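Peer 1: Sharing a structure below in structure tokens format, with a few things to ask.
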Number of protein chains: 2
Amino acid sequence: MEALKQKILDEGRVLPGNVLKVDSFLNQQIDVKLMEAIGKEFALRFADDSIDKVLSIESSGIAPALMVAKELGVPMVFARKRKSLTISENVYSVDLFSYTTQKHTQVIVDQRFLTAGERILIIDDFLANGQAAEGLLKIISRAQAIPVGLGVLIEKSFQSGRQLLEKANVRTESLVRISSLVDGHVIFSDDGK
Amino acid sequence: MEALKQKILDEGRVLPGNVLKVDSFLNQQIDVKLMEAIGKEFALRFADDSIDKVLSIESSGIAPALMVAKELGVPMVFARKRKSLTISENVYSVDLFSYTTQKHTQVIVDQRFLTAGERILIIDDFLANGQAAEGLLKIISRAQAIPVGLGVLIEKSFQSGRQLLEKANVRTESLVRISSLVDGHVIFSDDGK
């Protein structure tokens, strides 16, 4: 997706540890027009897949997932990252390890919001090691819902997330694939769409 | 706003401690069509206010704020609730106390995303004691930006948030005002719009 590529080149900042900061248009400030275009693009790619619901994870996944759900005309659900007092106990819960923060987190979705047989599209901002996606897949599996696919805005193709998802037989669509962030330079994969 | 009132009556659940759970359409599962209607309603109410940016706070504020920003054609920024390793140090930061969780949290916005003189509309899901709104107002003030108003979906008018905002001279628009949650019943204020 050319608009997202250009935005990364213009505003993305590479930090040590293969971190790509895109907080000026995605992770804290949100370029709403870009999110709308992203929503349309994913809706197009999954147009024939009879999606019932879009699932994402707080916080950075919410904006793009909402726009995809809007285009598909379905509800959106976001997983929460820790147990809050105001969430009931009837939840699907998995443990997630983040390489960025080196911390374990509980990821939870209320059982009322995923139903057996529902066709679920996962939307997230990044695919790196695939930990978040794997956590959401476990939750979908426990709900006996169907993981139709994963749509991510930015894939770090030099990390192992895609292999993990291919092993799990989940169709993965990335808007932009990055093959290297070495020396502060963003290199896109040739086969990025 | 009649559609939001009806949704609260149909799906809202009152828990002990004056907690109104609306996680089936706002706080975890999101009714996207309702969010679009909410976006249009706030855009109408603040149409003549030359809003430059919508400011909200993760996670539940993101979806409605995004829809308001979309209607107004401006960027959206959401404050983060704790310091993450991938956020730089150049932030506006305030301490926030949540009565729901009884915990202190740091609320932070990167300094690049609020500029002196910008006209800011705050959007949030609930107004109760006004702590979150007060925190965001402090951040706006530090950035020397202009707090044009606060739009909330659900105001608990039996709590002190509105008084606090009137004292701060900030125009506050609520889509629904609730005057009581006693005995598990939702009572709307007569003057709710």
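Numbering starts fresh at 1 for the residues of each chain in the structure tokens, the chains themselves are lettered A, B, ... in the order given, and ligands are numbered from 1 as they appear.
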Mind checking DSSP for region 11-111 of chain A and telling me the alpha helix (DSSP H) residues as a PyMOL selection string?
Peer 2: chain A and resi 11+32-45+62-72
Peer 1: Could you write those residues out with C-alpha atoms, as a tab-separated table (two decimals), in the first residue's frame?
Peer 2:
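Output (again_25.tsv):
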chain	number	residue	atom	x	y	z
A	11	GLU	CA	7.48	10.13	9.44
A	32	VAL	CA	-7.79	9.54	10.09
A	33	LYS	CA	-7.86	9.69	6.29
A	34	LEU	CA	-5.08	7.09	6.13
A	35	MET	CA	-7.04	4.86	8.54
A	36	GLU	CA	-10.08	5.16	6.27
A	37	ALA	CA	-8.02	4.11	3.26
A	38	ILE	CA	-6.63	1.19	5.26
A	39	GLY	CA	-10.15	0.17	6.24
A	40	LYS	CA	-11.21	0.14	2.59
A	41	GLU	CA	-8.13	-1.85	1.53
A	42	PHE	CA	-8.65	-4.65	4.06
A	43	ALA	CA	-12.40	-4.74	3.37
A	44	LEU	CA	-11.52	-5.29	-0.28
A	45	ARG	CA	-9.01	-8.06	0.45
A	62	ILE	CA	-8.42	-0.13	17.69
A	63	ALA	CA	-8.37	2.67	15.11
A	64	PRO	CA	-7.55	0.57	12.03
A	65	ALA	CA	-9.82	-2.28	13.19
A	66	LEU	CA	-12.71	0.13	13.64
A	67	MET	CA	-12.31	1.41	10.09
A	68	VAL	CA	-12.17	-2.14	8.68
A	69	ALA	CA	-15.31	-3.07	10.65
A	70	LYS	CA	-17.03	0.07	9.37
A	71	GLU	CA	-16.29	-0.87	5.76
A	72	LEU	CA	-17.40	-4.47	6.27
Peer 1: Return as a PyMOL selection string the residues belonging to chain B that are within 9 Å of chain A, counting only C-alpha atoms.
Peer 2: chain B and resi 15+19-21+23-25+27-33+36+58-60+62-63+66-67+69-70+73-80+84-87+100-101+109-110+112-113
Peer 1: Which residue out of A:Phe46, A:Tyr99, A:Gln163, A:Ala143 has the minimum interatomic distance to Gly17 (chain A) when only C-alpha atoms are used?
Peer 2: A:Tyr99
Peer 1: Looking at B:Thr115, B:His104, B:Gly149, B:Ala3, which one is nearest to Ala47 (chain B), with distances taken over only C-alpha atoms?
Peer 2: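 Smallest separation from Ala47 (chain B) among the options: B:Gly149.
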Peer 1: For the strand (DSSP E) assignment from backbone DSSP, which residues of region 29-103 of chain B qualify? Please present them as number ranges by chain.
Peer 2: B: 29-30, 53-57, 76-79, 91-98, 103
Peer 1: Got a sec: who's within 10 Å of Ser50 (chain B), counting only C-alpha atoms, leaving out chain neighbours fewer than 5 positions off, as a ChimeraX atom specification?
Peer 2: /B:72,118-121,148
Peer 1: Okay, now the selection with N, CA and C atoms, as a compact mmCIF listing (two decimals), in the first residue's frame?
Peer 2:
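File written: part15.txt
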# COMPACT_ATOMS: atom_id res chain seq x y z
N LEU B 72 -15.07 15.70 11.45
CA LEU B 72 -14.54 17.07 11.46
C LEU B 72 -13.38 17.23 10.47
N GLU B 118 -3.34 25.53 19.06
CA GLU B 118 -4.28 24.57 18.45
C GLU B 118 -5.57 24.51 19.26
N ARG B 119 -6.68 24.41 18.52
CA ARG B 119 -8.00 24.35 19.17
C ARG B 119 -8.41 22.88 19.32
N ILE B 120 -8.50 22.45 20.58
CA ILE B 120 -8.63 21.03 20.90
C ILE B 120 -10.04 20.69 21.41
N LEU B 121 -10.61 19.64 20.86
CA LEU B 121 -11.86 19.08 21.38
C LEU B 121 -11.54 17.75 22.05
N VAL B 148 -11.28 23.76 23.58
CA VAL B 148 -12.53 24.34 23.09
C VAL B 148 -13.73 23.70 23.77
Peer 1: Give me the residues near Leu165 (chain A) as an NGL selection string, where near means some atom within 10 Å (using only C-alpha atoms) and where sequence neighbours in that chain fewer than 2 positions away do not count.
Peer 2: :A and (129-130 or 133-134 or 137 or 149-150 or 160-163 or 167-172)
Peer 1: With only C-alpha atoms as the counted atoms, please give the residues lying no more than 9 Å from region 184-186 of chain B, apart from itself and same-chain residues fewer than 2 positions off, as an MDAnalysis selection string.
Peer 2: chainID B and resid 8:9 12:16 18 20 178:182 188
